[in-house]
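Written below as structure tokens is the structure these notes are about.
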Amino acid sequence: MARVGNEYTDQTERTGHDRRPEDLDRFAALGLRALRYPVLWEREPQWEWVDERLGRLRELGVRPIVGLVHHGGGPPDTSLLDPQLPEKLAAYARRVAERYPWVEDWTPVNEPLTTARFSCLYGFWYPHRRDALSLAQALLNQVRAVVLSMRAIREVVPGARLIQTDDLGKTHSTPLLGYQAEHENERRWSTWDLLCGRWRGIEDWFRYIGIEEPELSWFEENPCPPDVVGVNHYLSSERFLDHRLERYPERLHGGNGRDRYVDELAARVLGAGPDGPAPLLLEAWERYRLPVAVTEAHNGCTREEQLRWLDEVWRAALAARAAGADVRAVTVWSLLGAAGWSSLLTAGDDYEPGVFDVRGPQPRPTALAQMTRALATDGTYDHPVLHAPAWWRRPERLWYPPEGPVAPAPRASAPPLLLTGAAGTLGRAFARLCDLRGLPYVPLTRAELDVADAADAHAALAGVRPWAVVNAAGYVRVDEAEREPERCRRENVEGPSVLARECAARGVPLVTFSSDLVFDGAKALPYVESDEGAPLSAYGASKHDGERAVLEEHPSALVVRTSAFFGPWDEWNFAHAALRELEAGRPFAAADDLVVSPTYVPDLVNAALDLLIDGECGLWHLANGGATTWASFARMAADAAGLDGAGVEGVPAATLGLVARRPSYSALGSERGALLGSLEAAVARFAGERAARDGPTFSHTRSGGMRVGWTIEKQKVGSGAAAAPVHLDARPWG
């Protein structure tokens, strides 16, 4: 729970967990034996809520690791800089321990140094300071609060264990900035050092900014070493400091008062790539010789990269253990995903899924759930996407002149996707995004594979041996279908049916695409997956019959209904046409009596690939949120592009010379999950990417992933309602 101004952001609310006690049963079903769980000070006195949740965990045999403060500074009457914060939190800790004396594992304050940085050095969170003295005071206050809280807890629960978390990153630099990197690499240990009574690594820094020695000596006199050193590590935890400003955009330029430099994600600059979690776990072990656990491991990115990151962290833990470190667990963080973290909780409602995706009526298990369950039970997990290197291990990760020799990408041994209809709009978009996402694929055009020919389909699957098939082939000319319905049905019914039969025989997942035109518009509300189709046109009928044929042949296939594509890479779509005419000073006529759900192609393709990796099946509606007429859509695109939308003329569809009947209303909603963002946001990204004329912009999220169209360049940290340590063996903590 972070505080921005006078507003508190609670992940349990934003992910819906506060209203779903049954989530705990979902977590337990993953095979987890311990769960980081919030009993947040800011939420006191919600004892009934906590009683229910901790009681249920106890019944399920899942050991809670209770957190009291998570990126917050307590209730409104205190703050990170309040001298009485330690005593106030200790009093709350005692109340919690007295109510739950059976709880043994505690994290009174999550990430003290990180919280101090984001609240008192960068000013993102309350109390919004931006100076080194406030940073140090907030850090010391929080660590002192941990010491006093554990003292109070242990008076009630003598065997209580401290699981102390903080972000463990690493700073690399050019030689000129070696002094700054050395300071940051020493400062990163501050939370654990202070708890162990070891503050003398950076005592000069403390003294320089005005911290008196008695404040530091207190920790020597009151040591409270962690029972487990909890390492939180993200892709963005490794940084590179570079004084060569000319290599970077001006918006990244900063400094320390002595030198000007850029602080960038190490993966974007280091030729050898980031060190990764394995060396850092060993560093923590060598420094403290205390049990170590990975207490957060999240990647805000596409699904295969989330799997690849967790796989790398898991393997790092195993490697560190094999090298002699006492590594106890890897925490799959966060189970319910994270909301608002692209802006560090300061703006926006973005959401990135975790083990579960909460954008539907109930949390939906993602591929991470399958991986978590496998690691918790067998210690191993495999998926075809894990056999290709992650983006932070591929050469294209480098955005700037590399520092040092570039390490070659690990050799991919993954089976490919088979992509049909590779020359079409959708096929080309899949190819482009598969390249970006590191998903090997074999593209086949209509000339190379006639999907309606059984022999062709059999030969293609036998030759390629794909792990899944994406069918982007099909007849797309809605009006011409009225004149050649047989050809339309061959491509939209027979072709998908043949592919489905062949995939089913081989046990190969299939995703294929349908249309909003399977509906007649009589509903006048967004159509959901269970609504019956009643097509008005030959094209709509072909898509409707194709859906049924595919699911009859291959019940495990994924059939995606979508609507009114627009995207940055194909000039031949409605949005591009509207902007071309307006840019030329000509009016643009569009229907103002047909309501649709325009769908941004990059969003559609990314969501479809995620669902395919998750193993989803059946009908699924994927469209950006927002129903609009074609004329209003054109005006929205004009506004986003900085053009005068008055040039758009709304006219009846009947005046446009359309041959096929269209439903007056065919907007798509979903009863399974709204996975695509708002139409307004998609149109804004489309306009920006179109203006750039070089494809989409890609940037890292807070945890280092790539996301289409995002421009946030902040660093670090994840959060969520709960996180689950997957133990490397059955030994208890401590």
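Scheme for the structure tokens: letters A, B, ... for chains in order shown; per-chain residue numbers from 1; ligand numbers from 1 in order shown.
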### Message
If we count only C-alpha atoms and set the cut-off at 10 Å, which residues sit around A:Cys120, ignoring sequence neighbours fewer than 5 positions away in its own chain? Please answer as an NGL selection string.
### Response
:A and (80-81 or 114-115 or 125-139)
Selection file, N, CA, C and O atoms, as a tab-separated table (two decimals), in the first residue's frame:
chain	number	residue	atom	x	y	z
A	80	LEU	N	7.17	8.17	6.96
A	80	LEU	CA	8.51	7.61	6.99
A	80	LEU	C	9.49	8.49	7.78
A	80	LEU	O	10.50	8.00	8.28
A	81	LEU	N	9.20	9.77	7.87
A	81	LEU	CA	10.10	10.70	8.54
A	81	LEU	C	9.65	11.05	9.96
A	81	LEU	O	10.29	11.88	10.62
A	114	THR	N	14.41	0.62	-0.67
A	114	THR	CA	13.67	0.94	-1.90
A	114	THR	C	12.56	1.93	-1.62
A	114	THR	O	12.36	2.90	-2.36
A	115	THR	N	11.82	1.72	-0.54
A	115	THR	CA	10.75	2.65	-0.19
A	115	THR	C	11.31	4.03	0.11
A	115	THR	O	10.75	5.06	-0.30
A	125	TRP	N	6.41	8.95	-3.93
A	125	TRP	CA	5.44	8.61	-2.89
A	125	TRP	C	5.61	9.55	-1.70
A	125	TRP	O	6.64	10.20	-1.53
A	126	TYR	N	4.60	9.56	-0.87
A	126	TYR	CA	4.61	10.38	0.33
A	126	TYR	C	5.79	9.99	1.24
A	126	TYR	O	6.07	8.81	1.37
A	127	PRO	N	6.51	10.96	1.79
A	127	PRO	CA	6.24	12.41	1.86
A	127	PRO	C	6.83	13.24	0.73
A	127	PRO	O	7.01	14.45	0.89
A	128	HIS	N	7.16	12.61	-0.39
A	128	HIS	CA	7.54	13.32	-1.61
A	128	HIS	C	8.75	14.23	-1.42
A	128	HIS	O	8.77	15.38	-1.86
A	129	ARG	N	9.77	13.70	-0.81
A	129	ARG	CA	11.02	14.45	-0.67
A	129	ARG	C	11.98	14.06	-1.79
A	129	ARG	O	11.85	12.99	-2.40
A	130	ARG	N	13.00	14.91	-1.98
A	130	ARG	CA	13.99	14.66	-3.04
A	130	ARG	C	15.38	15.05	-2.55
A	130	ARG	O	16.06	15.84	-3.19
A	131	ASP	N	15.79	14.50	-1.42
A	131	ASP	CA	17.12	14.85	-0.92
A	131	ASP	C	17.71	13.66	-0.18
A	131	ASP	O	16.98	12.80	0.35
A	132	ALA	N	19.02	13.62	-0.12
A	132	ALA	CA	19.72	12.47	0.44
A	132	ALA	C	19.50	12.35	1.94
A	132	ALA	O	19.44	11.24	2.48
A	133	LEU	N	19.38	13.48	2.65
A	133	LEU	CA	19.16	13.40	4.09
A	133	LEU	C	17.82	12.74	4.40
A	133	LEU	O	17.73	11.88	5.28
A	134	SER	N	16.78	13.11	3.66
A	134	SER	CA	15.48	12.47	3.87
A	134	SER	C	15.54	10.98	3.53
A	134	SER	O	14.93	10.15	4.21
A	135	LEU	N	16.28	10.65	2.47
A	135	LEU	CA	16.47	9.24	2.13
A	135	LEU	C	17.06	8.48	3.31
A	135	LEU	O	16.54	7.42	3.71
A	136	ALA	N	18.14	9.00	3.89
A	136	ALA	CA	18.80	8.31	4.99
A	136	ALA	C	17.90	8.24	6.22
A	136	ALA	O	17.84	7.20	6.89
A	137	GLN	N	17.21	9.32	6.52
A	137	GLN	CA	16.33	9.32	7.69
A	137	GLN	C	15.20	8.31	7.52
A	137	GLN	O	14.86	7.60	8.48
A	138	ALA	N	14.61	8.26	6.33
A	138	ALA	CA	13.54	7.30	6.10
A	138	ALA	C	14.03	5.87	6.19
A	138	ALA	O	13.36	4.98	6.73
A	139	LEU	N	15.24	5.61	5.67
A	139	LEU	CA	15.82	4.27	5.76
A	139	LEU	C	16.05	3.88	7.22
A	139	LEU	O	15.63	2.80	7.65
I want to know what sits within 12 Å of A:Thr655, based on only C-alpha atoms, with residues of the same chain fewer than 2 positions away left out; could you give that as a CSV table (one decimal) with all heavy atoms, in the first residue's frame?
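Writing done, so here's result.csv:
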chain,number,residue,atom,x,y,z
A,589,ALA,N,-15.9,10.6,-45.6
A,589,ALA,CA,-17.2,10.1,-45.3
A,589,ALA,C,-17.2,8.7,-44.6
A,589,ALA,O,-16.5,7.8,-45.0
A,589,ALA,CB,-18.1,10.0,-46.5
A,590,ALA,N,-17.9,8.6,-43.5
A,590,ALA,CA,-17.9,7.4,-42.7
A,590,ALA,C,-19.3,7.2,-42.1
A,590,ALA,O,-20.0,8.1,-41.8
A,590,ALA,CB,-16.9,7.4,-41.6
A,591,ALA,N,-19.7,5.9,-41.9
A,591,ALA,CA,-21.0,5.6,-41.4
A,591,ALA,C,-21.2,6.1,-40.0
A,591,ALA,O,-20.3,5.8,-39.1
A,591,ALA,CB,-21.2,4.1,-41.5
A,592,ASP,N,-22.3,6.7,-39.7
A,592,ASP,CA,-22.6,7.2,-38.3
A,592,ASP,C,-23.8,6.4,-37.8
A,592,ASP,O,-24.3,6.7,-36.7
A,592,ASP,CB,-22.9,8.7,-38.3
A,592,ASP,CG,-24.1,9.1,-39.1
A,592,ASP,OD1,-24.8,8.2,-39.7
A,592,ASP,OD2,-24.3,10.3,-39.2
A,593,ASP,N,-24.1,5.3,-38.4
A,593,ASP,CA,-25.2,4.5,-37.9
A,593,ASP,C,-24.8,3.0,-37.7
A,593,ASP,O,-25.7,2.1,-37.6
A,593,ASP,CB,-26.4,4.6,-38.8
A,593,ASP,CG,-26.2,4.2,-40.3
A,593,ASP,OD1,-25.0,4.0,-40.6
A,593,ASP,OD2,-27.1,4.2,-41.1
A,649,GLU,N,-17.2,13.4,-42.3
A,649,GLU,CA,-18.7,13.5,-42.5
A,649,GLU,C,-19.4,12.2,-42.1
A,649,GLU,O,-19.2,11.2,-42.7
A,649,GLU,CB,-18.9,13.8,-44.0
A,649,GLU,CG,-18.3,15.1,-44.5
A,649,GLU,CD,-18.5,15.3,-46.0
A,649,GLU,OE1,-19.1,14.4,-46.6
A,649,GLU,OE2,-18.1,16.4,-46.5
A,650,GLY,N,-20.2,12.3,-41.1
A,650,GLY,CA,-21.0,11.2,-40.7
A,650,GLY,C,-22.2,11.0,-41.7
A,650,GLY,O,-23.0,11.9,-41.8
A,651,VAL,N,-22.3,9.8,-42.3
A,651,VAL,CA,-23.4,9.6,-43.2
A,651,VAL,C,-24.0,8.2,-43.0
A,651,VAL,O,-23.4,7.4,-42.3
A,651,VAL,CB,-22.8,9.6,-44.7
A,651,VAL,CG1,-22.2,10.9,-45.0
A,651,VAL,CG2,-21.8,8.5,-44.9
A,652,PRO,N,-25.2,8.0,-43.4
A,652,PRO,CA,-25.8,6.7,-43.3
A,652,PRO,C,-25.0,5.6,-44.1
A,652,PRO,O,-24.5,5.9,-45.2
A,652,PRO,CB,-27.2,6.8,-43.9
A,652,PRO,CG,-27.5,8.3,-43.9
A,652,PRO,CD,-26.2,9.0,-44.1
A,653,ALA,N,-24.9,4.4,-43.5
A,653,ALA,CA,-24.2,3.4,-44.2
A,653,ALA,C,-24.8,3.1,-45.6
A,653,ALA,O,-24.1,2.7,-46.5
A,653,ALA,CB,-24.2,2.1,-43.3
A,657,GLY,N,-22.5,2.6,-50.6
A,657,GLY,CA,-22.4,1.6,-51.6
A,657,GLY,C,-22.0,0.2,-51.1
A,657,GLY,O,-21.4,-0.6,-51.9
A,658,LEU,N,-22.2,-0.1,-49.9
A,658,LEU,CA,-21.9,-1.4,-49.3
A,658,LEU,C,-22.9,-2.4,-49.9
A,658,LEU,O,-24.1,-2.2,-49.9
A,658,LEU,CB,-22.0,-1.4,-47.8
A,658,LEU,CG,-21.1,-0.3,-47.1
A,658,LEU,CD1,-21.3,-0.3,-45.6
A,658,LEU,CD2,-19.6,-0.5,-47.5
A,659,VAL,N,-22.3,-3.6,-50.2
A,659,VAL,CA,-23.2,-4.6,-50.8
A,659,VAL,C,-23.7,-5.5,-49.7
A,659,VAL,O,-24.9,-5.8,-49.7
A,659,VAL,CB,-22.3,-5.5,-51.8
A,659,VAL,CG1,-23.2,-6.7,-52.3
A,659,VAL,CG2,-21.8,-4.6,-53.0
### Query
Hey, can you check how far atom CA of A:Val493 sits from atom CA of A:Glu553?
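The value is 11.8 Å.
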### Query
Quick one: distance from atom CA of A:Ser556 to atom CA of A:Ala627 in Å, one decimal?
29.8 Å
### Query
Which of these residues is nearest to A:Leu336, using only C-alpha atoms: A:Ser542, A:Gln180, A:Gln164, A:Thr12?
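The shortest atom-to-atom distance to A:Leu336 comes from A:Thr12.
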### Message
I'd like the contact shell of A:Gly669 - 12 Å cut-off, only C-alpha atoms, skipping same-chain residues fewer than 4 positions apart - returned as a ChimeraX atom specification.
### Response
/A:360,516,524-531,561-563,596-599,620-627,673-676,678
Store the residues picked out above in a file with C-alpha atoms, as a PDB file, in the first residue's frame.
ATOM      1  CA  GLY A 360     -12.394 -11.535 -15.872  1.00  0.00           C
ATOM      2  CA  ASP A 516     -18.174  -9.515 -34.990  1.00  0.00           C
ATOM      3  CA  ALA A 524     -27.790  -3.235 -28.938  1.00  0.00           C
ATOM      4  CA  LEU A 525     -25.388  -4.113 -26.105  1.00  0.00           C
ATOM      5  CA  PRO A 526     -21.850  -5.452 -26.410  1.00  0.00           C
ATOM      6  CA  TYR A 527     -21.952  -9.075 -27.515  1.00  0.00           C
ATOM      7  CA  VAL A 528     -20.257 -11.655 -25.295  1.00  0.00           C
ATOM      8  CA  GLU A 529     -18.975 -15.131 -26.069  1.00  0.00           C
ATOM      9  CA  SER A 530     -22.167 -16.996 -25.145  1.00  0.00           C
ATOM     10  CA  ASP A 531     -24.428 -14.882 -27.367  1.00  0.00           C
ATOM     11  CA  ARG A 561     -13.714 -13.078 -32.416  1.00  0.00           C
ATOM     12  CA  THR A 562     -12.503  -9.593 -33.184  1.00  0.00           C
ATOM     13  CA  SER A 563     -13.603  -6.497 -35.065  1.00  0.00           C
ATOM     14  CA  VAL A 596     -18.356  -1.384 -33.841  1.00  0.00           C
ATOM     15  CA  SER A 597     -15.404  -2.125 -31.537  1.00  0.00           C
ATOM     16  CA  PRO A 598     -12.261  -1.085 -33.434  1.00  0.00           C
ATOM     17  CA  THR A 599      -9.367  -3.360 -32.506  1.00  0.00           C
ATOM     18  CA  TRP A 620     -12.899 -15.510 -26.812  1.00  0.00           C
ATOM     19  CA  HIS A 621     -13.721 -11.921 -27.724  1.00  0.00           C
ATOM     20  CA  LEU A 622     -10.690  -9.664 -28.166  1.00  0.00           C
ATOM     21  CA  ALA A 623     -11.418  -6.025 -28.953  1.00  0.00           C
ATOM     22  CA  ASN A 624     -10.358  -2.732 -27.423  1.00  0.00           C
ATOM     23  CA  GLY A 625     -12.820  -1.404 -24.897  1.00  0.00           C
ATOM     24  CA  GLY A 626     -15.187   1.133 -26.367  1.00  0.00           C
ATOM     25  CA  ALA A 627     -18.138   1.014 -28.771  1.00  0.00           C
ATOM     26  CA  GLY A 673     -11.959 -11.225 -19.573  1.00  0.00           C
ATOM     27  CA  ALA A 674     -11.371  -7.779 -21.074  1.00  0.00           C
ATOM     28  CA  LEU A 675      -7.736  -8.247 -22.052  1.00  0.00           C
ATOM     29  CA  LEU A 676      -7.256  -5.279 -24.382  1.00  0.00           C
ATOM     30  CA  SER A 678      -9.307   1.168 -23.958  1.00  0.00           C
TER      31      SER A 678
END
### Task
Write down as a PyMOL selection string the residues of stretch 472-671 of chain A whose backbone DSSP state falls under helix (DSSP H, G or I).
chain A and resi 480-482+485-506+516-518+538-553+574-583+601-614+630-640+645-647+653-656
### Message
Env of A:Val648: 7 Å cut, atoms = only C-alpha atoms, seq-sep filter 5 positions within chain, self excluded. Answer as a VMD selection string.
### Response
chain A and resid 587 to 589 631 634 to 635
Emit the selected residues as a PDB file, in the first residue's frame, including N, CA and C atoms.
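This is the output file selection_23.pdb:
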ATOM      1  N   PRO A 587     -12.489  15.895 -47.453  1.00  0.00           N
ATOM      2  CA  PRO A 587     -13.435  15.348 -46.478  1.00  0.00           C
ATOM      3  C   PRO A 587     -13.409  13.827 -46.517  1.00  0.00           C
ATOM      4  N   PHE A 588     -13.820  13.227 -45.414  1.00  0.00           N
ATOM      5  CA  PHE A 588     -13.846  11.768 -45.320  1.00  0.00           C
ATOM      6  C   PHE A 588     -15.211  11.345 -44.810  1.00  0.00           C
ATOM      7  N   ALA A 589     -15.905  10.552 -45.609  1.00  0.00           N
ATOM      8  CA  ALA A 589     -17.245  10.090 -45.251  1.00  0.00           C
ATOM      9  C   ALA A 589     -17.163   8.742 -44.553  1.00  0.00           C
ATOM     10  N   ALA A 631     -17.809   6.827 -37.964  1.00  0.00           N
ATOM     11  CA  ALA A 631     -17.513   8.259 -38.069  1.00  0.00           C
ATOM     12  C   ALA A 631     -16.841   8.769 -36.803  1.00  0.00           C
ATOM     13  N   ALA A 634     -13.255   7.705 -36.755  1.00  0.00           N
ATOM     14  CA  ALA A 634     -12.407   8.533 -37.623  1.00  0.00           C
ATOM     15  C   ALA A 634     -12.065   9.858 -36.941  1.00  0.00           C
ATOM     16  N   ARG A 635     -13.035  10.450 -36.257  1.00  0.00           N
ATOM     17  CA  ARG A 635     -12.756  11.708 -35.557  1.00  0.00           C
ATOM     18  C   ARG A 635     -11.777  11.488 -34.408  1.00  0.00           C
TER      19      ARG A 635
END
#### Entry: Which of stretch 81-119 of chain A fall in strand (DSSP E), as a PyMOL selection string
chain A and resi 105-110
Would you save the residues from that selection as a PDB file, in the first residue's frame, using C-alpha atoms?
ATOM      1  CA  ASP A 105       7.238 -15.606   9.916  1.00  0.00           C
ATOM      2  CA  TRP A 106       7.201 -11.818   9.682  1.00  0.00           C
ATOM      3  CA  THR A 107       8.229  -8.980   7.386  1.00  0.00           C
ATOM      4  CA  PRO A 108       7.399  -5.854   9.395  1.00  0.00           C
ATOM      5  CA  VAL A 109       8.601  -3.495   6.655  1.00  0.00           C
ATOM      6  CA  ASN A 110       9.040  -4.505   3.036  1.00  0.00           C
TER       7      ASN A 110
END
### Task
Determine, counting only C-alpha atoms, which protein, DNA and RNA residues have an atom within 8 Å of an atom of A:Cys196; residues of the same chain fewer than 2 positions away are not included. Present the result as a PyMOL selection string.
chain A and resi 192-194+198+219-220+223-226
### Message
Using Å and a single decimal, report how far atom CA of A:Arg690 sits from atom CA of A:Thr629.
### Response
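Separation of atom CA of A:Thr629 and atom CA of A:Arg690: 21.9 Å.
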#### Entry: Pick from A:Ala459, A:Val550, A:Ser515, A:Pro395, whichever lies nearest to A:Ser497 using only C-alpha atoms
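Smallest distance to A:Ser497 is found for A:Val550.
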#### Entry: Nearest-residue call for A:Val66, choices A:Gly271, A:Pro86, A:Ile163, A:Gly178, using only C-alpha atoms
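The answer is A:Ile163, which sits nearest to A:Val66.
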